[in-house]
file upload_10.cif (mmCIF, C-alpha atoms and all ligand atoms)
data_data
#
loop_
_atom_site.label_atom_id
_atom_site.label_comp_id
_atom_site.auth_asym_id
_atom_site.auth_seq_id
_atom_site.Cartn_x
_atom_site.Cartn_y
_atom_site.Cartn_z
CA MET J 47 20.02 -38.39 5.08
CA SER J 48 23.19 -38.94 3.08
CA GLN J 49 23.31 -39.67 -0.60
CA SER J 50 27.07 -39.78 -0.86
CA HIS J 51 27.16 -43.52 -1.57
CA ALA J 52 24.82 -43.32 -4.53
CA THR J 53 25.71 -45.25 -7.64
CA GLY J 54 24.74 -44.73 -11.26
CA PRO J 55 25.96 -42.74 -14.22
CA ARG J 56 25.81 -39.46 -12.25
CA ALA J 57 27.57 -40.70 -9.10
CA GLY J 58 29.80 -37.99 -7.67
CA LEU J 59 27.90 -35.12 -9.31
CA ARG J 60 26.13 -32.56 -7.13
CA LEU J 61 23.31 -30.19 -8.00
CA MET J 62 21.95 -27.45 -5.72
CA HIS J 63 18.61 -25.71 -6.27
CA VAL J 64 17.94 -22.53 -4.31
CA HIS J 65 14.22 -21.89 -3.73
CA ALA J 66 12.19 -19.29 -1.87
CA HIS J 67 9.52 -21.41 -0.14
CA PRO J 68 8.70 -25.03 0.64
CA ASP J 69 6.76 -26.25 -2.48
CA ASP J 70 8.88 -24.29 -5.00
CA GLU J 71 11.25 -27.29 -5.28
CA SER J 72 8.25 -29.40 -6.33
CA SER J 73 6.69 -26.90 -8.75
CA LYS J 74 9.92 -25.93 -10.56
CA GLY J 75 12.45 -28.44 -11.85
CA ALA J 76 11.15 -31.36 -9.76
CA ALA J 77 11.04 -33.92 -12.56
CA SER J 78 14.62 -33.23 -13.60
CA THR J 79 15.57 -33.37 -9.92
CA ALA J 80 13.99 -36.83 -9.66
CA ARG J 81 15.74 -37.92 -12.82
CA TYR J 82 19.18 -36.82 -11.62
CA VAL J 83 18.61 -38.51 -8.25
CA ALA J 84 17.59 -41.73 -10.04
CA GLU J 85 20.82 -41.51 -12.04
CA GLY J 86 22.93 -41.25 -8.89
CA ALA J 87 23.53 -37.49 -8.56
CA GLU J 88 23.32 -35.83 -5.17
CA VAL J 89 20.64 -33.14 -5.28
CA HIS J 90 20.39 -30.47 -2.59
CA VAL J 91 17.57 -28.00 -2.15
CA VAL J 92 18.06 -24.81 -0.16
CA THR J 93 14.77 -23.31 1.02
CA CYS J 94 15.27 -19.64 1.92
CA THR J 95 12.12 -19.23 4.05
CA GLY J 96 9.74 -21.38 6.05
CA GLY J 97 6.72 -20.40 3.96
CA GLU J 98 4.98 -19.09 7.08
CA ARG J 99 2.97 -16.47 5.21
CA GLY J 100 1.79 -18.61 2.32
CA SER J 101 -1.98 -18.63 1.91
CA ILE J 102 -3.74 -21.96 2.14
CA LEU J 103 -4.50 -22.69 -1.49
CA ASN J 104 -6.25 -26.02 -1.03
CA PRO J 105 -9.81 -25.53 0.25
CA LYS J 106 -9.72 -28.97 1.89
CA MET J 107 -6.85 -27.81 4.12
CA ASP J 108 -8.27 -24.38 4.97
CA ARG J 109 -8.98 -25.21 8.60
CA PRO J 110 -8.23 -23.28 11.80
CA ASP J 111 -6.03 -26.06 13.24
CA ILE J 112 -3.85 -26.01 10.13
CA LEU J 113 -3.65 -22.22 10.05
CA GLN J 114 -2.59 -22.05 13.70
CA ASN J 115 0.31 -24.45 13.13
CA ILE J 116 1.21 -23.38 9.62
CA SER J 117 4.98 -23.25 10.22
CA GLU J 118 5.08 -26.81 11.54
CA VAL J 119 2.65 -28.07 8.90
CA ARG J 120 4.75 -26.65 6.10
CA ARG J 121 7.90 -28.14 7.63
CA GLN J 122 6.25 -31.58 7.65
CA GLU J 123 5.06 -31.14 4.07
CA MET J 124 8.60 -30.25 3.05
CA GLU J 125 9.95 -33.39 4.73
CA ARG J 126 7.50 -35.55 2.78
CA ALA J 127 8.40 -33.87 -0.52
CA ARG J 128 12.11 -34.22 0.32
CA ASP J 129 11.74 -37.97 0.81
CA ILE J 130 9.66 -38.40 -2.36
CA LEU J 131 12.25 -36.53 -4.44
CA GLY J 132 15.22 -38.18 -2.73
CA ILE J 133 16.95 -34.87 -2.06
CA THR J 134 18.85 -33.38 0.85
CA GLN J 135 17.12 -30.22 2.01
CA HIS J 136 18.52 -27.25 3.92
CA TRP J 137 16.64 -24.32 5.47
CA LEU J 138 18.37 -20.96 5.02
CA GLY J 139 16.39 -19.81 8.07
CA PHE J 140 14.56 -16.67 6.92
CA VAL J 141 10.91 -15.75 7.43
CA ASP J 142 8.48 -15.62 4.47
CA SER J 143 7.76 -12.05 3.28
CA GLY J 144 4.23 -12.92 2.17
CA TRP J 145 2.54 -11.78 -1.02
CA PRO J 146 1.84 -8.04 -0.66
CA GLU J 147 -1.81 -7.40 -1.51
CA GLY J 148 -3.40 -4.01 -2.12
CA ASP J 149 -2.91 -0.86 -4.15
CA PRO J 150 -0.58 0.63 -3.18
CA LYS J 151 1.13 -2.48 -1.87
CA PRO J 152 1.73 -2.44 1.89
CA PRO J 153 5.30 -2.42 3.20
CA LEU J 154 6.93 -5.80 3.78
CA PRO J 155 6.60 -7.15 7.33
CA GLU J 156 9.46 -6.48 9.69
CA GLY J 157 12.09 -9.21 9.92
CA CYS J 158 11.12 -10.95 6.68
CA PHE J 159 13.46 -12.38 4.03
CA GLY J 160 12.73 -9.56 1.60
CA LEU J 161 14.11 -7.05 4.11
CA ALA J 162 17.00 -9.12 5.47
CA PRO J 163 20.42 -7.66 4.62
CA LEU J 164 21.68 -9.17 1.36
CA GLU J 165 25.10 -9.70 2.93
CA GLU J 166 23.71 -11.84 5.75
CA ALA J 167 21.66 -14.07 3.46
CA THR J 168 24.58 -14.34 1.05
CA GLU J 169 26.92 -15.48 3.80
CA ARG J 170 24.52 -18.25 4.87
CA LEU J 171 24.24 -19.51 1.31
CA VAL J 172 28.00 -19.23 0.72
CA ARG J 173 28.53 -21.43 3.78
CA LEU J 174 26.22 -24.08 2.32
CA ILE J 175 27.77 -23.89 -1.14
CA ARG J 176 31.28 -24.30 0.27
CA SER J 177 30.19 -27.25 2.38
CA VAL J 178 28.14 -29.10 -0.29
CA ARG J 179 30.42 -28.05 -3.20
CA PRO J 180 27.80 -28.35 -5.95
CA HIS J 181 28.83 -28.56 -9.58
CA VAL J 182 25.62 -26.85 -10.68
CA LEU J 183 23.47 -24.19 -9.00
CA THR J 184 19.97 -23.18 -10.10
CA THR J 185 17.83 -20.23 -9.10
CA TYR J 186 15.16 -17.91 -10.51
CA ASP J 187 15.68 -15.29 -13.20
CA GLU J 188 15.99 -11.61 -12.30
CA ARG J 189 12.19 -11.24 -12.39
CA GLY J 190 11.95 -13.96 -9.76
CA GLY J 191 10.03 -16.23 -12.16
CA TYR J 192 7.04 -14.38 -10.75
CA PRO J 193 7.21 -11.15 -8.79
CA HIS J 194 6.95 -12.47 -5.23
CA PRO J 195 9.42 -10.46 -3.10
CA ASP J 196 10.98 -13.69 -1.76
CA HIS J 197 11.53 -15.01 -5.29
CA VAL J 198 13.26 -11.82 -6.40
CA ARG J 199 15.35 -11.90 -3.22
CA CYS J 200 16.16 -15.58 -3.81
CA HIS J 201 17.56 -14.63 -7.22
CA GLU J 202 19.68 -11.82 -5.76
CA VAL J 203 21.06 -13.96 -2.94
CA SER J 204 21.82 -16.91 -5.24
CA VAL J 205 23.70 -14.82 -7.79
CA ALA J 206 25.65 -13.02 -5.05
CA ALA J 207 26.54 -16.31 -3.33
CA PHE J 208 27.52 -18.00 -6.61
CA GLU J 209 30.13 -15.23 -7.06
CA ALA J 210 31.18 -14.90 -3.42
CA ALA J 211 31.60 -18.63 -2.75
CA ALA J 212 34.43 -18.71 -5.30
CA ASP J 213 36.26 -15.73 -3.79
CA PRO J 214 38.52 -16.64 -0.85
CA GLU J 215 38.51 -12.99 0.26
CA ARG J 216 34.76 -13.05 0.83
CA PHE J 217 33.44 -14.65 4.03
CA PRO J 218 36.76 -16.39 4.87
CA GLU J 219 35.09 -17.86 7.98
CA ALA J 220 32.52 -19.67 5.84
CA GLY J 221 34.83 -22.39 4.50
CA PRO J 222 37.29 -22.86 1.63
CA ALA J 223 36.34 -21.21 -1.68
CA TRP J 224 34.36 -23.24 -4.21
CA GLN J 225 33.65 -22.22 -7.78
CA VAL J 226 30.33 -23.72 -8.84
CA ALA J 227 30.85 -24.81 -12.47
CA LYS J 228 27.48 -23.70 -13.88
CA LEU J 229 24.68 -21.33 -12.91
CA TYR J 230 21.17 -21.71 -14.34
CA TYR J 231 17.80 -19.96 -14.15
CA HIS J 232 14.54 -21.92 -14.26
CA HIS J 233 12.41 -21.25 -17.34
CA SER J 234 9.54 -23.66 -16.99
CA PHE J 235 6.69 -21.16 -16.97
CA ASN J 236 6.88 -19.90 -20.51
CA ARG J 237 3.99 -18.90 -22.70
CA GLU J 238 4.72 -21.26 -25.56
CA ARG J 239 4.63 -24.25 -23.22
CA MET J 240 1.37 -23.11 -21.70
CA GLN J 241 -0.17 -22.50 -25.13
CA ARG J 242 0.80 -25.96 -26.38
CA LEU J 243 -0.49 -27.67 -23.26
CA HIS J 244 -3.71 -25.66 -23.56
CA ASP J 245 -4.19 -26.55 -27.23
CA ALA J 246 -3.54 -30.25 -26.62
CA THR J 247 -5.94 -30.32 -23.67
CA VAL J 248 -8.70 -28.69 -25.70
CA ALA J 249 -7.97 -31.07 -28.60
CA HIS J 250 -8.57 -33.97 -26.20
CA GLY J 251 -12.01 -32.53 -25.44
CA LEU J 252 -10.99 -31.48 -21.93
CA GLU J 253 -11.27 -28.18 -20.18
CA SER J 254 -8.00 -26.26 -19.98
CA PRO J 255 -7.22 -24.13 -16.92
CA TRP J 256 -5.08 -21.74 -18.95
CA GLY J 257 -7.51 -20.07 -21.38
CA GLU J 258 -7.99 -16.81 -19.46
CA ARG J 259 -4.34 -16.48 -18.53
CA LEU J 260 -3.22 -16.98 -22.13
CA LYS J 261 -5.53 -14.23 -23.33
CA GLU J 262 -3.76 -11.72 -21.07
CA TRP J 263 -0.24 -13.03 -21.61
CA LYS J 264 1.40 -11.40 -24.62
CA PRO J 265 3.99 -13.48 -26.49
CA GLU J 266 7.52 -12.87 -25.24
CA PRO J 267 9.77 -14.29 -27.97
CA GLU J 268 12.93 -12.65 -26.61
CA TRP J 269 12.29 -14.05 -23.16
CA ASP J 270 11.58 -17.55 -24.50
CA ALA J 271 14.77 -17.41 -26.59
CA ARG J 272 16.81 -17.30 -23.39
CA VAL J 273 16.22 -21.03 -22.84
CA THR J 274 19.48 -22.90 -23.52
CA THR J 275 18.85 -26.24 -21.88
CA LYS J 276 15.93 -28.64 -22.14
CA VAL J 277 16.25 -31.61 -19.80
CA PRO J 278 14.14 -34.64 -20.84
CA CYS J 279 12.30 -35.81 -17.72
CA GLY J 280 8.79 -36.93 -18.77
CA ASP J 281 9.33 -40.31 -17.10
CA PHE J 282 9.55 -38.47 -13.78
CA PHE J 283 6.41 -36.32 -14.01
CA GLY J 284 4.71 -38.85 -11.73
CA VAL J 285 7.34 -38.32 -9.01
CA ARG J 286 6.98 -34.57 -9.46
CA ASP J 287 3.22 -34.85 -8.97
CA GLN J 288 3.64 -36.88 -5.78
CA ALA J 289 6.07 -34.26 -4.42
CA LEU J 290 3.62 -31.50 -5.28
CA LEU J 291 0.79 -33.31 -3.52
CA ALA J 292 2.94 -33.56 -0.38
CA HIS J 293 2.49 -29.78 -0.07
CA ALA J 294 -1.15 -30.27 0.76
CA THR J 295 -1.78 -26.73 2.04
CA GLN J 296 -0.44 -25.21 -1.18
CA ILE J 297 -1.57 -27.64 -3.84
CA ASP J 298 -5.21 -28.47 -4.51
CA PRO J 299 -5.36 -32.00 -5.96
CA ASP J 300 -8.46 -30.88 -7.89
CA GLY J 301 -6.86 -27.64 -9.08
CA HIS J 302 -4.95 -26.44 -12.12
CA TRP J 303 -1.77 -28.41 -11.33
CA PHE J 304 -3.51 -31.66 -12.22
CA ALA J 305 -6.05 -30.46 -14.80
CA ILE J 306 -3.91 -31.57 -17.73
CA PRO J 307 -3.47 -35.35 -18.01
CA ARG J 308 0.10 -36.47 -17.50
CA GLU J 309 0.15 -38.33 -20.85
CA VAL J 310 -0.68 -35.05 -22.59
CA GLN J 311 2.12 -33.28 -20.77
CA VAL J 312 4.62 -36.02 -21.63
CA ASP J 313 3.50 -35.91 -25.24
CA VAL J 314 3.54 -32.13 -25.65
CA TRP J 315 6.39 -30.92 -23.45
CA PRO J 316 8.49 -33.71 -21.90
CA THR J 317 11.30 -31.41 -20.71
CA GLU J 318 12.06 -28.91 -17.98
CA ASP J 319 13.79 -25.86 -19.32
CA PHE J 320 16.63 -23.73 -18.04
CA GLU J 321 18.85 -20.83 -19.04
CA LEU J 322 22.59 -21.30 -18.69
CA VAL J 323 23.79 -18.00 -17.25
CA THR J 324 27.43 -18.63 -16.37
CA ALA J 325 29.70 -21.60 -17.12
CA HIS J 326 33.24 -22.19 -15.88
CA VAL J 327 33.47 -25.36 -17.97
CA SER J 328 33.01 -25.62 -21.71
CA SER J 329 29.53 -26.63 -22.79
CA ALA J 330 27.99 -25.76 -26.12
CA THR J 331 24.37 -24.62 -26.06
CA PRO J 332 21.70 -25.69 -26.78
CA GLU J 333 22.21 -28.65 -24.44
CA ASP J 334 19.95 -31.19 -22.79
CA ASP J 335 21.80 -31.74 -19.51
CA LEU J 336 22.56 -29.43 -16.58
CA PHE J 337 25.82 -31.34 -16.05
CA ALA J 338 27.00 -31.08 -19.69
CA GLY J 339 30.74 -30.36 -19.66
CA VAL J 340 31.12 -31.26 -15.97
CA ASP J 341 32.59 -34.47 -14.61
CA ALA J 342 32.99 -35.67 -11.06
CA SER J 343 36.72 -34.81 -11.05
CA TYR J 344 35.88 -31.07 -11.25
CA ASP J 345 37.67 -29.51 -8.28
CA GLY J 346 35.96 -26.14 -7.99
CA SER J 347 39.02 -23.99 -8.59
ZN ZN J 401 7.51 -19.52 -3.70
#
call {"tool": "encode", "arguments": {"input": "upload_10.cif", "output": "structure tokens"}}
result
Amino acid sequence: MSQSHATGPRAGLRLMHVHAHPDDESSKGAASTARYVAEGAEVHVVTCTGGERGSILNPKMDRPDILQNISEVRRQEMERARDILGITQHWLGFVDSGWPEGDPKPPLPEGCFGLAPLEEATERLVRLIRSVRPHVLTTYDERGGYPHPDHVRCHEVSVAAFEAAADPERFPEAGPAWQVAKLYYHHSFNRERMQRLHDATVAHGLESPWGERLKEWKPEPEWDARVTTKVPCGDFFGVRDQALLAHATQIDPDGHWFAIPREVQVDVWPTEDFELVTAHVSSATPEDDLFAGVDASYDGS
């Protein structure tokens, strides 16, 4: 599926999101993805693992036939989400590490992404970056957004590949060097956002799914202050929701993802938020656009 003939104000601009599992592209940054696609940008999603060890989180899909074919099911779900979002998707080809349960936590399973040599994963991503030549790359923060071993690894690989792709001495077999203009971390799961959504939901006389979690979650003002970039994308929350629902084994349509009415979300927090980590173009923060300071003539040098 090629998007290279897209038209619109963003034609010629390319964005690459690097995610750990199928469904992460729909739960983080999906509405801004849909907005940039609608405006003519080319959006690529790299999925590091096949999500083979994800639990089935939707009771309606917790069936033996699904569980037996989970790799294929998750691949099909990803294809549906890809088409809904209008993205080009690439598998990095690693195996899900799973969520380690127990105290102490068990060792990671042999051959998984979390144990794969950083150099090998970095080379695969460098090859994709040099071939797609994105202007903007996004990944998770150094905590992984949440402490799944694949999310932390995704961060490490993305940061390493962002640097290495620009260095002609590194992986010379993987294509000509390309300096991605901007690197971002996702910051959508912050406490202030959750608190405001919770308050608005309760004010509407509805039950909020976040009460318990908020009680345990101490304010993190320094963490929240790292947000530099709020991308308005409320008009695309509906597309985001459809993409989420495509991941039927992971997303319960009656669960917390959909407990807060979309109108409340648009009213209270109509942006997706990011932290600008590195920029090789000039862009003053705060900003409201991942492509601020970049134009399609940027040549990656
Ligand atoms: Zn994930």
call {"tool": "atom_distance", "arguments": {"input": "upload_10.cif", "atom1": "CA of Ala52 (chain J)", "atom2": "CA of Gly280 (chain J)"}}
result
22.4 Å
call {"tool": "residues_around", "arguments": {"input": "upload_10.cif", "residues": "region 140-157 of chain J", "least_positions_apart": "6", "cutoff": "7 Å", "atoms": "only C-alpha atoms", "output": "list in words"}}
result
Cys94, Thr95, Gly96, Gly97, Glu98, Arg99, Gly100, His194, Pro195 and Asp196 of chain J
call {"tool": "residues_near_ligand", "arguments": {"input": "upload_10.cif", "ligand": "ligand ZN 401 (chain J)", "cutoff": "8 Å", "atoms": "all atoms listed in the file", "output": "ChimeraX atom specification"}}
result
/J:65-70,97,194,196-197
call {"tool": "closest_atom_pairs", "arguments": {"input": "upload_10.cif", "of": "region 171-248 of chain J", "to": "region 253-257 of chain J", "cutoff": "7 Å", "atoms": "only C-alpha atoms", "output": "JSON lines"}}
result
{"residue": "J:His244", "atom": "CA", "partner": "J:Ser254", "partner_atom": "CA", "distance": 5.6}
{"residue": "J:Thr247", "atom": "CA", "partner": "J:Ser254", "partner_atom": "CA", "distance": 5.9}
{"residue": "J:Val248", "atom": "CA", "partner": "J:Glu253", "partner_atom": "CA", "distance": 6.1}
call {"tool": "residues_near_point", "arguments": {"input": "upload_10.cif", "point": "(15.7, -29.4, -17.7)", "cutoff": "9 Å", "atoms": "all atoms listed in the file", "output": "ChimeraX atom specification"}}
result
/J:75,77-79,232-234,275-279,317-320,334-336
call {"tool": "closest_residue", "arguments": {"input": "upload_10.cif", "among": "J:Trp315, J:Tyr82, J:Phe337, J:Tyr186", "to": "Gly132 (chain J)", "atoms": "only C-alpha atoms"}}
result
J:Tyr82
call {"tool": "residues_around", "arguments": {"input": "upload_10.cif", "residues": "Ser73 (chain J)", "least_positions_apart": "6", "cutoff": "10 Å", "atoms": "only C-alpha atoms", "output": "CSV table (one decimal) with C-alpha atoms, keeping the file's coordinate frame"}}
result
chain,number,residue,atom,x,y,z
J,234,SER,CA,9.5,-23.7,-17.0
J,286,ARG,CA,7.0,-34.6,-9.5
J,287,ASP,CA,3.2,-34.8,-9.0
J,289,ALA,CA,6.1,-34.3,-4.4
J,290,LEU,CA,3.6,-31.5,-5.3
J,297,ILE,CA,-1.6,-27.6,-3.8
J,303,TRP,CA,-1.8,-28.4,-11.3
call {"tool": "decode", "arguments": {"input": "upload_10.cif", "residues": "region 167-271 of chain J", "atoms": "C-alpha atoms", "output": "PDB file, in the first residue's frame"}}
result
ATOM      1  CA  ALA J 167      17.436  -4.796  16.423  1.00  0.00           C
ATOM      2  CA  THR J 168      19.077  -1.425  15.807  1.00  0.00           C
ATOM      3  CA  GLU J 169      20.351  -2.522  12.405  1.00  0.00           C
ATOM      4  CA  ARG J 170      16.870  -3.657  11.325  1.00  0.00           C
ATOM      5  CA  LEU J 171      15.361  -0.331  12.344  1.00  0.00           C
ATOM      6  CA  VAL J 172      18.209   1.658  10.749  1.00  0.00           C
ATOM      7  CA  ARG J 173      17.489  -0.152   7.481  1.00  0.00           C
ATOM      8  CA  LEU J 174      13.832   0.905   7.659  1.00  0.00           C
ATOM      9  CA  ILE J 175      14.657   4.489   8.608  1.00  0.00           C
ATOM     10  CA  ARG J 176      17.107   4.827   5.722  1.00  0.00           C
ATOM     11  CA  SER J 177      14.586   3.393   3.291  1.00  0.00           C
ATOM     12  CA  VAL J 178      11.511   5.376   4.453  1.00  0.00           C
ATOM     13  CA  ARG J 179      13.506   8.543   5.328  1.00  0.00           C
ATOM     14  CA  PRO J 180      11.058   9.923   7.892  1.00  0.00           C
ATOM     15  CA  HIS J 181      11.207  13.553   8.943  1.00  0.00           C
ATOM     16  CA  VAL J 182       9.898  12.697  12.405  1.00  0.00           C
ATOM     17  CA  LEU J 183      10.352   9.606  14.584  1.00  0.00           C
ATOM     18  CA  THR J 184       8.353   8.823  17.728  1.00  0.00           C
ATOM     19  CA  THR J 185       8.923   6.240  20.430  1.00  0.00           C
ATOM     20  CA  TYR J 186       8.372   5.698  24.162  1.00  0.00           C
ATOM     21  CA  ASP J 187      10.184   7.504  26.953  1.00  0.00           C
ATOM     22  CA  GLU J 188      13.013   5.815  28.849  1.00  0.00           C
ATOM     23  CA  ARG J 189      10.494   4.212  31.244  1.00  0.00           C
ATOM     24  CA  GLY J 190       8.807   2.610  28.243  1.00  0.00           C
ATOM     25  CA  GLY J 191       5.578   4.533  28.918  1.00  0.00           C
ATOM     26  CA  TYR J 192       4.834   1.553  31.142  1.00  0.00           C
ATOM     27  CA  PRO J 193       7.390  -0.984  32.291  1.00  0.00           C
ATOM     28  CA  HIS J 194       6.751  -3.799  29.813  1.00  0.00           C
ATOM     29  CA  PRO J 195      10.175  -5.190  28.794  1.00  0.00           C
ATOM     30  CA  ASP J 196       9.292  -4.797  25.092  1.00  0.00           C
ATOM     31  CA  HIS J 197       8.354  -1.142  25.598  1.00  0.00           C
ATOM     32  CA  VAL J 198      11.627  -0.367  27.356  1.00  0.00           C
ATOM     33  CA  ARG J 199      13.493  -2.230  24.612  1.00  0.00           C
ATOM     34  CA  CYS J 200      11.517  -0.349  21.944  1.00  0.00           C
ATOM     35  CA  HIS J 201      12.743   2.916  23.473  1.00  0.00           C
ATOM     36  CA  GLU J 202      16.365   1.729  23.510  1.00  0.00           C
ATOM     37  CA  VAL J 203      16.280   0.469  19.931  1.00  0.00           C
ATOM     38  CA  SER J 204      14.543   3.603  18.618  1.00  0.00           C
ATOM     39  CA  VAL J 205      16.998   5.995  20.241  1.00  0.00           C
ATOM     40  CA  ALA J 206      19.981   3.920  19.071  1.00  0.00           C
ATOM     41  CA  ALA J 207      18.611   3.735  15.505  1.00  0.00           C
ATOM     42  CA  PHE J 208      17.775   7.456  15.403  1.00  0.00           C
ATOM     43  CA  GLU J 209      21.487   8.139  16.069  1.00  0.00           C
ATOM     44  CA  ALA J 210      22.928   5.331  13.957  1.00  0.00           C
ATOM     45  CA  ALA J 211      20.789   5.974  10.863  1.00  0.00           C
ATOM     46  CA  ALA J 212      22.477   9.373  10.486  1.00  0.00           C
ATOM     47  CA  ASP J 213      26.005   7.985  10.776  1.00  0.00           C
ATOM     48  CA  PRO J 214      27.398   6.631   7.486  1.00  0.00           C
ATOM     49  CA  GLU J 215      30.003   4.626   9.439  1.00  0.00           C
ATOM     50  CA  ARG J 216      27.314   2.603  11.188  1.00  0.00           C
ATOM     51  CA  PHE J 217      25.670  -0.256   9.276  1.00  0.00           C
ATOM     52  CA  PRO J 218      27.004   0.873   5.856  1.00  0.00           C
ATOM     53  CA  GLU J 219      25.192  -2.091   4.263  1.00  0.00           C
ATOM     54  CA  ALA J 220      21.838  -0.789   5.484  1.00  0.00           C
ATOM     55  CA  GLY J 221      21.504   2.097   3.014  1.00  0.00           C
ATOM     56  CA  PRO J 222      22.610   5.729   2.740  1.00  0.00           C
ATOM     57  CA  ALA J 223      22.628   7.735   5.983  1.00  0.00           C
ATOM     58  CA  TRP J 224      19.496   9.687   6.912  1.00  0.00           C
ATOM     59  CA  GLN J 225      19.222  12.188   9.737  1.00  0.00           C
ATOM     60  CA  VAL J 226      15.666  12.169  11.049  1.00  0.00           C
ATOM     61  CA  ALA J 227      14.851  15.823  11.785  1.00  0.00           C
ATOM     62  CA  LYS J 228      12.981  15.342  15.076  1.00  0.00           C
ATOM     63  CA  LEU J 229      12.671  12.678  17.756  1.00  0.00           C
ATOM     64  CA  TYR J 230       9.682  12.571  20.123  1.00  0.00           C
ATOM     65  CA  TYR J 231       8.450  10.521  23.071  1.00  0.00           C
ATOM     66  CA  HIS J 232       4.747   9.824  23.586  1.00  0.00           C
ATOM     67  CA  HIS J 233       3.268  11.423  26.709  1.00  0.00           C
ATOM     68  CA  SER J 234      -0.405  10.610  26.478  1.00  0.00           C
ATOM     69  CA  PHE J 235      -0.779   8.714  29.741  1.00  0.00           C
ATOM     70  CA  ASN J 236      -0.236  11.496  32.206  1.00  0.00           C
ATOM     71  CA  ARG J 237      -1.929  11.914  35.537  1.00  0.00           C
ATOM     72  CA  GLU J 238      -3.358  15.364  34.911  1.00  0.00           C
ATOM     73  CA  ARG J 239      -5.150  14.145  31.790  1.00  0.00           C
ATOM     74  CA  MET J 240      -6.559  11.165  33.630  1.00  0.00           C
ATOM     75  CA  GLN J 241      -7.689  13.325  36.547  1.00  0.00           C
ATOM     76  CA  ARG J 242      -9.479  15.789  34.272  1.00  0.00           C
ATOM     77  CA  LEU J 243     -11.184  13.027  32.310  1.00  0.00           C
ATOM     78  CA  HIS J 244     -12.199  11.398  35.587  1.00  0.00           C
ATOM     79  CA  ASP J 245     -13.603  14.625  37.026  1.00  0.00           C
ATOM     80  CA  ALA J 246     -15.567  15.409  33.858  1.00  0.00           C
ATOM     81  CA  THR J 247     -16.982  11.889  33.698  1.00  0.00           C
ATOM     82  CA  VAL J 248     -18.142  12.042  37.309  1.00  0.00           C
ATOM     83  CA  ALA J 249     -19.586  15.526  36.697  1.00  0.00           C
ATOM     84  CA  HIS J 250     -21.684  14.023  33.891  1.00  0.00           C
ATOM     85  CA  GLY J 251     -23.105  11.536  36.398  1.00  0.00           C
ATOM     86  CA  LEU J 252     -21.222   8.620  34.844  1.00  0.00           C
ATOM     87  CA  GLU J 253     -18.967   6.055  36.398  1.00  0.00           C
ATOM     88  CA  SER J 254     -15.268   6.693  35.808  1.00  0.00           C
ATOM     89  CA  PRO J 255     -12.881   3.760  35.346  1.00  0.00           C
ATOM     90  CA  TRP J 256      -9.964   5.734  36.779  1.00  0.00           C
ATOM     91  CA  GLY J 257     -10.905   6.355  40.428  1.00  0.00           C
ATOM     92  CA  GLU J 258      -8.805   3.574  41.970  1.00  0.00           C
ATOM     93  CA  ARG J 259      -5.816   4.186  39.741  1.00  0.00           C
ATOM     94  CA  LEU J 260      -5.790   7.902  40.528  1.00  0.00           C
ATOM     95  CA  LYS J 261      -5.766   7.211  44.252  1.00  0.00           C
ATOM     96  CA  GLU J 262      -2.500   5.280  43.891  1.00  0.00           C
ATOM     97  CA  TRP J 263      -0.896   7.572  41.329  1.00  0.00           C
ATOM     98  CA  LYS J 264       1.019  10.397  42.989  1.00  0.00           C
ATOM     99  CA  PRO J 265       1.261  13.671  41.061  1.00  0.00           C
ATOM    100  CA  GLU J 266       4.390  13.865  38.926  1.00  0.00           C
ATOM    101  CA  PRO J 267       4.726  17.560  38.044  1.00  0.00           C
ATOM    102  CA  GLU J 268       8.298  17.228  36.759  1.00  0.00           C
ATOM    103  CA  TRP J 269       7.320  14.370  34.490  1.00  0.00           C
ATOM    104  CA  ASP J 270       4.271  16.234  33.152  1.00  0.00           C
ATOM    105  CA  ALA J 271       6.418  19.314  32.504  1.00  0.00           C
TER     106      ALA J 271
END
